[in-house]
$ cat run_2.txt   # compact mmCIF, C-alpha atoms and all ligand atoms
# COMPACT_ATOMS: atom_id res chain seq x y z
CA MET J 11 0.00 0.00 0.00
CA ARG J 12 2.79 2.39 0.92
CA ARG J 13 4.50 1.67 -2.38
CA LEU J 14 1.27 2.30 -4.20
CA LEU J 15 0.95 5.67 -2.50
CA SER J 16 4.51 6.73 -3.36
CA VAL J 17 5.06 10.36 -4.32
CA GLU J 18 5.65 9.26 -7.92
CA ASN J 19 2.30 7.50 -8.21
CA LEU J 20 0.47 10.28 -6.41
CA THR J 21 2.07 12.82 -8.77
CA LEU J 22 0.80 10.91 -11.78
CA LEU J 23 -2.66 10.74 -10.23
CA SER J 24 -2.54 14.47 -9.49
CA ILE J 25 -1.77 15.24 -13.12
CA LEU J 26 -4.89 13.34 -14.17
CA LEU J 27 -7.05 14.78 -11.38
CA GLY J 28 -5.73 18.28 -12.09
CA ALA J 29 -6.63 17.96 -15.77
CA GLY J 30 -10.11 16.71 -14.85
CA ALA J 31 -10.65 19.50 -12.33
CA GLY J 32 -9.45 22.05 -14.89
CA ILE J 33 -12.18 20.92 -17.28
CA LEU J 34 -14.97 20.53 -14.71
CA LYS J 35 -14.17 23.37 -12.30
CA PRO J 36 -12.14 25.92 -14.25
CA GLU J 37 -12.97 28.83 -11.95
CA LEU J 38 -11.87 26.96 -8.85
CA MET J 39 -8.63 25.87 -10.52
CA LYS J 40 -7.88 29.44 -11.53
CA GLU J 41 -8.27 30.44 -7.87
CA LEU J 42 -5.89 27.65 -6.88
CA LYS J 43 -3.12 28.93 -9.14
CA ILE J 44 -1.40 30.39 -6.10
CA VAL J 45 -0.87 26.91 -4.65
CA GLY J 46 1.03 25.89 -7.77
CA ASP J 47 3.02 29.11 -7.67
CA VAL J 48 4.06 28.54 -4.05
CA PHE J 49 5.31 25.08 -5.00
CA LEU J 50 7.19 26.45 -8.02
CA ASN J 51 8.83 29.16 -5.94
CA LEU J 52 10.00 26.62 -3.39
CA LEU J 53 11.72 24.69 -6.18
CA LYS J 54 13.20 27.79 -7.79
CA MET J 55 14.50 28.88 -4.39
CA ILE J 56 16.95 25.99 -4.42
CA ILE J 57 18.25 26.22 -7.99
CA VAL J 58 20.99 28.83 -7.60
CA PRO J 59 22.67 27.53 -4.41
CA LEU J 60 22.28 23.97 -5.64
CA VAL J 61 23.92 24.63 -9.01
CA PHE J 62 26.79 26.46 -7.37
CA THR J 63 27.54 23.90 -4.67
CA SER J 64 27.01 20.90 -6.97
CA VAL J 65 29.25 22.09 -9.76
CA PHE J 66 31.87 23.37 -7.34
CA ILE J 67 32.16 20.14 -5.37
CA ALA J 68 31.92 18.12 -8.58
CA MET J 69 35.07 19.93 -9.75
CA LEU J 70 36.85 19.24 -6.47
CA GLY J 71 35.68 15.63 -6.65
CA LEU J 72 37.07 15.17 -10.16
CA GLY J 73 40.47 15.92 -8.77
CA ASP J 74 42.32 17.43 -11.72
CA ILE J 75 41.94 19.41 -14.92
CA ALA J 76 42.56 16.38 -17.15
CA ARG J 77 39.54 14.57 -15.70
CA PHE J 78 37.44 17.71 -16.04
CA ARG J 79 38.42 17.93 -19.70
CA ASP J 80 37.45 14.29 -20.09
CA VAL J 81 34.01 14.67 -18.49
CA GLY J 82 33.40 18.06 -20.11
CA LEU J 83 34.18 16.86 -23.63
CA LYS J 84 32.17 13.68 -23.26
CA THR J 85 29.21 15.57 -21.85
CA VAL J 86 29.15 18.16 -24.63
CA ALA J 87 29.68 15.53 -27.33
CA TYR J 88 26.85 13.40 -25.95
CA TYR J 89 24.49 16.33 -25.65
CA VAL J 90 25.09 17.66 -29.16
CA THR J 91 24.79 14.21 -30.72
CA THR J 92 21.51 13.31 -29.01
CA THR J 93 20.03 16.69 -29.84
CA ALA J 94 20.94 16.16 -33.48
CA PHE J 95 19.26 12.72 -33.43
CA SER J 96 16.14 14.26 -32.05
CA VAL J 97 15.95 17.06 -34.65
CA LEU J 98 16.44 14.47 -37.34
CA ALA J 99 13.53 12.40 -36.02
CA GLY J 100 11.39 15.55 -35.99
CA LEU J 101 12.29 16.43 -39.57
CA VAL J 102 11.65 12.94 -40.88
CA LEU J 103 8.25 12.75 -39.16
CA VAL J 104 7.09 16.20 -40.18
CA ASN J 105 8.00 15.46 -43.79
CA LEU J 106 6.11 12.18 -43.67
CA LEU J 107 2.99 13.51 -41.98
CA GLN J 108 3.05 17.00 -43.49
CA PRO J 109 0.88 18.76 -40.89
CA GLY J 110 -0.37 22.15 -42.04
CA LYS J 111 -0.54 21.26 -45.75
CA GLY J 112 -3.91 22.39 -47.05
CA LEU J 113 -4.94 23.66 -43.62
CA ASP J 114 -7.41 26.49 -44.02
CA ILE J 115 -6.91 28.95 -41.18
CA ASN J 116 -6.60 32.71 -41.03
CA LEU J 117 -3.01 33.72 -41.49
CA PRO J 118 -1.92 36.08 -38.72
CA SER J 119 -0.55 39.46 -39.67
CA ASP J 120 0.71 40.87 -36.35
CA SER J 121 4.36 41.64 -36.48
CA VAL J 122 6.66 39.62 -34.30
CA GLU J 123 10.06 40.70 -33.02
CA VAL J 124 12.97 38.71 -34.32
CA GLY J 125 15.13 37.05 -31.74
CA ARG J 126 18.76 37.32 -32.72
CA LEU J 127 21.54 35.44 -31.13
CA SER J 128 24.82 37.12 -31.90
CA PHE J 129 28.20 35.71 -30.99
CA GLU J 130 28.54 38.38 -28.30
CA ASP J 131 25.21 37.46 -26.71
CA VAL J 132 26.37 33.89 -26.44
CA LEU J 133 29.67 34.96 -24.94
CA TRP J 134 28.09 37.17 -22.30
CA SER J 135 25.51 34.57 -21.43
CA ILE J 136 28.41 32.38 -20.37
CA ILE J 137 31.03 34.75 -18.96
CA PRO J 138 29.76 36.90 -16.09
CA SER J 139 31.22 40.26 -15.16
CA ASN J 140 29.82 39.97 -11.67
CA PRO J 141 29.00 36.55 -10.24
CA VAL J 142 26.78 38.07 -7.56
CA GLU J 143 24.62 39.49 -10.32
CA SER J 144 24.54 36.05 -12.00
CA PHE J 145 23.37 34.55 -8.72
CA ALA J 146 20.77 37.26 -8.18
CA GLU J 147 19.38 36.85 -11.67
CA GLY J 148 19.63 33.07 -11.67
CA ARG J 149 21.81 32.92 -14.80
CA VAL J 150 22.67 29.26 -14.65
CA LEU J 151 25.28 29.13 -17.43
CA GLN J 152 27.23 31.98 -15.84
CA ILE J 153 27.02 30.30 -12.45
CA ILE J 154 28.32 27.06 -13.96
CA PHE J 155 31.20 28.90 -15.64
CA PHE J 156 32.18 30.63 -12.40
CA SER J 157 31.84 27.45 -10.31
CA VAL J 158 33.92 25.40 -12.75
CA LEU J 159 36.73 27.95 -12.74
CA LEU J 160 36.65 28.44 -8.99
CA GLY J 161 36.53 24.67 -8.50
CA LEU J 162 39.56 24.12 -10.75
CA ALA J 163 41.47 26.93 -9.06
CA THR J 164 40.64 25.57 -5.62
CA LEU J 165 42.14 22.23 -6.62
CA SER J 166 45.59 23.75 -6.40
CA ILE J 167 45.37 25.31 -2.93
CA SER J 168 46.90 23.42 -0.01
CA LYS J 169 45.35 20.02 0.69
CA ASP J 170 44.52 20.95 4.24
CA LYS J 171 42.50 24.02 3.28
CA ARG J 172 40.94 22.26 0.30
CA GLU J 173 39.52 19.55 2.51
CA HIS J 174 37.86 22.18 4.69
CA VAL J 175 36.35 23.94 1.71
CA PHE J 176 35.12 20.64 0.32
CA ALA J 177 33.55 19.59 3.64
CA LEU J 178 31.75 22.92 3.94
CA PHE J 179 30.23 22.96 0.44
CA ASP J 180 29.59 19.23 0.40
CA GLY J 181 27.62 19.60 3.62
CA LEU J 182 25.71 22.54 2.23
CA ASN J 183 24.95 20.53 -0.90
CA ASP J 184 23.63 17.65 1.21
CA GLY J 185 21.45 20.13 3.08
CA LEU J 186 20.03 21.45 -0.19
CA ILE J 187 19.30 17.95 -1.42
CA ASN J 188 17.51 17.29 1.87
CA LEU J 189 15.48 20.43 1.43
CA THR J 190 14.60 19.22 -2.07
CA ARG J 191 13.41 15.96 -0.55
CA TRP J 192 11.02 17.87 1.69
CA ILE J 193 9.69 19.94 -1.17
CA ILE J 194 9.18 16.80 -3.25
CA LYS J 195 6.66 15.65 -0.66
CA LEU J 196 4.48 18.57 -1.76
CA THR J 197 4.67 17.59 -5.43
CA PRO J 198 1.24 15.93 -5.69
CA VAL J 199 -0.49 19.07 -4.36
CA GLY J 200 1.63 21.47 -6.41
CA VAL J 201 1.23 19.49 -9.59
CA PHE J 202 -2.53 19.22 -9.15
CA ALA J 203 -2.76 23.01 -8.96
CA LEU J 204 -0.33 23.64 -11.84
CA VAL J 205 -1.95 21.24 -14.29
CA GLY J 206 -5.47 22.23 -13.22
CA PHE J 207 -4.75 25.88 -13.87
CA MET J 208 -3.16 25.13 -17.22
CA VAL J 209 -6.16 23.16 -18.47
CA ALA J 210 -8.64 25.72 -17.05
CA ASP J 211 -6.76 28.53 -18.73
CA LEU J 212 -6.43 26.94 -22.17
CA GLY J 213 -9.46 24.71 -22.54
CA LEU J 214 -9.36 21.77 -24.91
CA SER J 215 -10.85 23.36 -28.02
CA VAL J 216 -7.43 24.74 -29.01
CA PHE J 217 -6.50 21.30 -30.24
CA LEU J 218 -9.19 21.19 -32.89
CA SER J 219 -7.39 22.76 -35.82
CA LEU J 220 -3.91 21.99 -34.59
CA TRP J 221 -4.30 18.34 -33.77
CA LYS J 222 -2.10 17.09 -36.60
CA TYR J 223 0.72 19.42 -35.69
CA ALA J 224 0.42 18.55 -31.99
CA LEU J 225 0.33 14.87 -32.89
CA THR J 226 3.48 15.12 -35.02
CA VAL J 227 5.42 16.79 -32.20
CA THR J 228 4.07 14.30 -29.67
CA LEU J 229 4.94 11.28 -31.84
CA GLY J 230 8.45 12.58 -32.44
CA LEU J 231 8.96 13.17 -28.73
CA LEU J 232 7.69 9.69 -27.89
CA ILE J 233 10.05 8.08 -30.41
CA HIS J 234 12.99 9.99 -28.98
CA ALA J 235 11.99 9.18 -25.40
CA PHE J 236 11.12 5.52 -25.79
CA VAL J 237 13.31 4.39 -28.69
CA THR J 238 16.35 6.58 -29.29
CA LEU J 239 17.32 7.46 -25.72
CA PRO J 240 16.67 3.96 -24.32
CA LEU J 241 18.73 2.50 -27.15
CA LEU J 242 21.63 4.78 -26.29
CA GLY J 243 21.23 3.94 -22.63
CA TYR J 244 21.27 0.25 -23.39
CA LEU J 245 24.11 0.29 -25.91
CA LEU J 246 26.37 2.95 -24.44
CA GLY J 247 25.37 3.01 -20.79
CA ARG J 248 24.75 -0.75 -20.48
CA TYR J 249 21.74 -0.30 -18.22
CA ASN J 250 18.08 -1.16 -18.47
CA PRO J 251 16.55 2.15 -19.59
CA TYR J 252 13.02 1.28 -18.56
CA ALA J 253 14.05 0.29 -15.04
CA TYR J 254 16.01 3.54 -14.92
CA PHE J 255 12.95 5.46 -16.04
CA LEU J 256 10.93 4.02 -13.18
CA LYS J 257 13.57 5.17 -10.72
CA VAL J 258 13.74 8.74 -11.99
CA ARG J 259 10.15 9.22 -13.15
CA GLU J 260 9.40 11.77 -10.45
CA ALA J 261 11.67 14.26 -12.24
CA VAL J 262 10.08 13.56 -15.63
CA LEU J 263 6.57 14.02 -14.24
CA LEU J 264 7.60 17.22 -12.55
CA ALA J 265 9.10 18.51 -15.78
CA PHE J 266 5.76 17.81 -17.43
CA SER J 267 3.87 19.72 -14.76
CA THR J 268 6.16 22.73 -14.51
CA ALA J 269 7.37 23.00 -18.14
CA SER J 270 10.70 24.11 -16.75
CA SER J 271 13.94 22.11 -16.78
CA ALA J 272 15.42 24.60 -14.31
CA ALA J 273 12.65 24.19 -11.75
CA THR J 274 12.99 20.42 -12.13
CA LEU J 275 16.77 20.40 -11.64
CA PRO J 276 16.79 19.92 -7.84
CA VAL J 277 14.55 16.88 -8.21
CA SER J 278 16.54 15.47 -11.17
CA MET J 279 19.67 15.63 -9.04
CA GLN J 280 18.02 14.05 -6.04
CA VAL J 281 16.56 11.10 -7.95
CA ALA J 282 19.65 10.53 -10.10
CA GLU J 283 21.97 10.42 -7.11
CA GLU J 284 19.82 8.82 -4.47
CA LYS J 285 17.49 6.55 -6.39
CA ALA J 286 19.54 5.64 -9.43
CA GLY J 287 23.04 5.73 -7.93
CA VAL J 288 24.66 8.18 -10.37
CA ARG J 289 27.79 9.48 -8.70
CA LYS J 290 27.65 12.93 -7.18
CA GLU J 291 30.57 14.34 -9.16
CA THR J 292 28.99 13.25 -12.44
CA ALA J 293 25.42 14.30 -11.65
CA GLY J 294 26.64 17.54 -10.09
CA PHE J 295 28.21 18.64 -13.35
CA VAL J 296 26.26 16.87 -16.07
CA LEU J 297 22.72 17.65 -14.85
CA PRO J 298 23.01 21.43 -14.27
CA LEU J 299 24.75 21.77 -17.63
CA GLY J 300 22.15 19.54 -19.28
CA ALA J 301 19.23 21.49 -17.85
CA THR J 302 20.68 24.59 -19.47
CA ILE J 303 22.00 23.44 -22.83
CA ASN J 304 20.64 19.97 -23.56
CA MET J 305 17.08 20.20 -24.82
CA ASP J 306 16.31 17.33 -27.16
CA GLY J 307 12.56 17.85 -26.89
CA THR J 308 12.81 21.56 -27.63
CA ALA J 309 15.03 20.96 -30.64
CA LEU J 310 12.63 18.43 -32.10
CA TYR J 311 9.69 20.72 -31.53
CA GLU J 312 11.47 23.66 -33.19
CA SER J 313 12.04 21.69 -36.37
CA VAL J 314 8.46 20.39 -36.58
CA ALA J 315 6.99 23.82 -35.80
CA ALA J 316 9.09 25.50 -38.48
CA VAL J 317 8.02 23.06 -41.20
CA PHE J 318 4.40 23.21 -40.01
CA ILE J 319 4.32 27.01 -40.31
CA ALA J 320 5.96 26.84 -43.73
CA ASN J 321 3.29 24.35 -44.81
CA VAL J 322 0.45 26.57 -43.63
CA TYR J 323 1.91 29.46 -45.63
CA GLY J 324 2.28 27.19 -48.62
CA ILE J 325 6.07 27.54 -48.68
CA ASN J 326 7.88 24.55 -50.18
CA LEU J 327 11.13 24.05 -48.38
CA GLU J 328 14.22 23.03 -50.33
CA LEU J 329 16.73 20.54 -49.00
CA TYR J 330 19.22 23.25 -48.05
CA GLN J 331 16.49 24.95 -46.05
CA MET J 332 15.85 21.71 -44.19
CA VAL J 333 19.55 21.58 -43.39
CA MET J 334 19.36 25.16 -42.10
CA ILE J 335 16.41 24.20 -39.92
CA PHE J 336 18.40 21.23 -38.63
CA ILE J 337 21.31 23.46 -37.64
CA THR J 338 19.35 26.37 -36.23
CA ALA J 339 16.91 24.16 -34.30
CA THR J 340 19.89 22.51 -32.60
CA LEU J 341 21.43 25.89 -31.78
CA ALA J 342 18.12 27.37 -30.68
CA SER J 343 17.61 24.53 -28.24
CA ILE J 344 21.06 25.08 -26.76
CA GLY J 345 20.34 28.78 -26.39
CA ALA J 346 16.81 28.41 -24.99
CA ALA J 347 16.41 29.21 -21.31
CA ALA J 348 15.16 26.37 -19.12
CA ILE J 349 11.87 28.10 -18.39
CA PRO J 350 8.32 27.76 -19.75
CA GLY J 351 7.84 29.11 -23.24
CA ALA J 352 11.52 29.71 -23.99
CA GLY J 353 11.42 27.41 -27.00
CA LEU J 354 8.68 29.44 -28.62
CA ILE J 355 10.80 32.59 -28.43
CA MET J 356 13.80 30.82 -29.91
CA LEU J 357 11.66 29.65 -32.80
CA THR J 358 12.01 33.13 -34.32
CA LEU J 359 15.63 32.26 -34.92
CA VAL J 360 14.83 29.10 -36.84
CA LEU J 361 12.11 30.75 -38.91
CA SER J 362 14.16 33.79 -39.82
CA SER J 363 17.09 31.63 -40.92
CA VAL J 364 15.02 30.21 -43.77
CA GLY J 365 12.66 33.11 -44.45
CA ILE J 366 9.44 31.69 -42.99
CA PRO J 367 7.13 34.53 -41.81
CA LEU J 368 7.64 35.10 -38.09
CA GLU J 369 3.97 35.96 -37.64
CA GLY J 370 3.38 32.26 -38.15
CA ILE J 371 4.30 31.81 -34.51
CA ALA J 372 0.83 33.11 -33.64
CA LEU J 373 -0.57 29.97 -35.30
CA ILE J 374 0.89 27.62 -32.74
CA VAL J 375 0.74 29.65 -29.53
CA ALA J 376 -2.55 28.08 -28.46
CA VAL J 377 -1.12 24.59 -28.05
CA ASP J 378 2.33 25.68 -27.03
CA ARG J 379 1.97 25.27 -23.29
CA PHE J 380 0.85 21.69 -23.66
CA LEU J 381 3.69 20.88 -26.06
CA ASP J 382 6.06 22.72 -23.75
CA MET J 383 5.11 20.34 -20.94
CA LEU J 384 5.84 17.36 -23.16
CA ARG J 385 9.08 18.66 -24.63
CA THR J 386 10.38 19.67 -21.19
CA SER J 387 9.79 16.10 -19.96
CA ILE J 388 11.91 14.84 -22.84
CA ASN J 389 14.54 17.49 -22.16
CA VAL J 390 14.87 16.27 -18.60
CA TRP J 391 14.74 12.58 -19.56
CA GLY J 392 17.58 13.31 -22.02
CA ASP J 393 19.66 14.92 -19.26
CA LEU J 394 19.04 12.01 -16.93
CA ASN J 395 20.18 9.50 -19.54
CA GLY J 396 23.20 11.68 -20.23
CA ALA J 397 24.15 11.62 -16.56
CA ARG J 398 23.88 7.85 -16.38
CA ILE J 399 25.76 7.18 -19.62
CA ILE J 400 28.55 9.64 -18.90
CA ASP J 401 28.85 8.26 -15.38
CA ARG J 402 29.74 4.92 -16.89
CA PHE J 403 32.30 6.43 -19.25
CA VAL J 404 34.15 8.43 -16.66
CA ARG J 405 34.23 5.85 -13.89
CA GLY J 406 37.84 5.95 -12.85
N1 LIG W 501 10.36 24.81 -21.22
C1 LIG W 501 11.51 24.18 -21.77
C2 LIG W 501 12.46 23.77 -20.67
O1 LIG W 501 12.50 24.38 -19.63
C3 LIG W 501 12.18 25.05 -22.79
C4 LIG W 501 11.24 25.25 -23.95
O2 LIG W 501 10.40 26.16 -23.90
O3 LIG W 501 11.31 24.47 -24.89
O4 LIG W 501 13.18 22.81 -20.81
$ encode --input "run_2.txt" --output "structure tokens"
Amino acid sequence: MRRLLSVENLTLLSILLGAGAGILKPELMKELKIVGDVFLNLLKMIIVPLVFTSVFIAMLGLGDIARFRDVGLKTVAYYVTTTAFSVLAGLVLVNLLQPGKGLDINLPSDSVEVGRLSFEDVLWSIIPSNPVESFAEGRVLQIIFFSVLLGLATLSISKDKREHVFALFDGLNDGLINLTRWIIKLTPVGVFALVGFMVADLGLSVFLSLWKYALTVTLGLLIHAFVTLPLLGYLLGRYNPYAYFLKVREAVLLAFSTASSAATLPVSMQVAEEKAGVRKETAGFVLPLGATINMDGTALYESVAAVFIANVYGINLELYQMVMIFITATLASIGAAAIPGAGLIMLTLVLSSVGIPLEGIALIVAVDRFLDMLRTSINVWGDLNGARIIDRFVRG
């Protein structure tokens, strides 16, 4: 009975109950939004100190720069490769199913601002001028950059002092993980409120004209989640991916409910380390980085959305334009912030690279929150597989 009433199972039940309540009692669920917001804030409260302490002690745990280079390179290589696989799956599916072809809907004419990602923007999103500002604004990539450098530099101070520093931050990190464990107990309530509000706010009618597009994204995401990633886990990581999924499912469900990889990060770290046995120094580096740059679900969605919008406008895309979409969707997913709706903003980048009208974004806004929930789950599932696979490769 206790196993049946585990937080994971209750969370799943809450998602279903929340969706039902959102349809039957939309006014009540709108009132209850604040409950979901309290839960979200509790999670967000932990992100910054957790990222700092985890990455910092992960660096100290790795022991030297050569091992950091090893883990860093493997992590980035894994992340870029899996993201590319996922975009490819999206492009193949969207070309097979061709959602949006012959769809008769009013074409939007509002102007949309173009998101541009210059080289300088990328640089400054990584290198902070003031780490306190990065902490205050929750800029995770900057915090990672600072923590990595400080960690590496601390490796060469005297052993005696280094052990003190390690004990202090390791203890703090354990405390934060404990705090996460407490907050997780509230997940069923928080998720009920979050999902209920989402359904009450959107309604279900939005799916009517966009069902084929939503279905294409969903199918692509399912293939990536249940075929590609498990295959990599099995072949490269040598573990049973489905058993692993059951161990870490709390994080995936939470990603679905919050549509934010960042808000899910504390829980991803807790389940990966404590339930699935991924070592702290691997999880502490691979998961925060993954939450920020590894978004397989977002990348897949970007490619499908771009082709869908082109189809609605009756634009026939050439092969070189598909290749451009492949490249920019991958980049856009790396650049997208780990918060709800970030992928939609980055879509401007993909569209403008191949000359698809940016106003087309208005076509897909209605179903975006739902697809965001799905793609964020896949983003987090991708990170969790990354952590497990890389853990195997760097076991020294
Ligand atoms: N919400 C996603 C995430 O946090 C990003 C996106 O909008 O695609 O992972």
$ closest_residue --input "run_2.txt" --among "J:Thr238, J:Thr302, J:Ser271, J:Ser16" --to "Thr92 of chain J" --atoms "only C-alpha atoms"
J:Thr238
$ residues_around --input "run_2.txt" --residues "segment 155-167 of chain J" --least-positions-apart "6" --cutoff "6 Å" --atoms "all atoms listed in the file" --output "ChimeraX atom specification"
/J:62,65-66,69-70
$ residues_near_ligand --input "run_2.txt" --ligand "ligand LIG 501 (chain W)" --cutoff "10 Å" --atoms "all atoms listed in the file" --output "MDAnalysis selection string"
chainID J and resid 265:266 268:275 300:312 342:357 378:379 381:390
$ closest_residue --input "run_2.txt" --among "J:Gly112, J:Gly71, J:Gly392, J:Pro298" --to "Val237 of chain J" --atoms "all atoms listed in the file"
J:Gly392
$ closest_residue --input "run_2.txt" --among "J:Ala316, J:Ile154, J:Ile137, J:Ile374" --to "Leu359 of chain J" --atoms "only C-alpha atoms"
J:Ala316
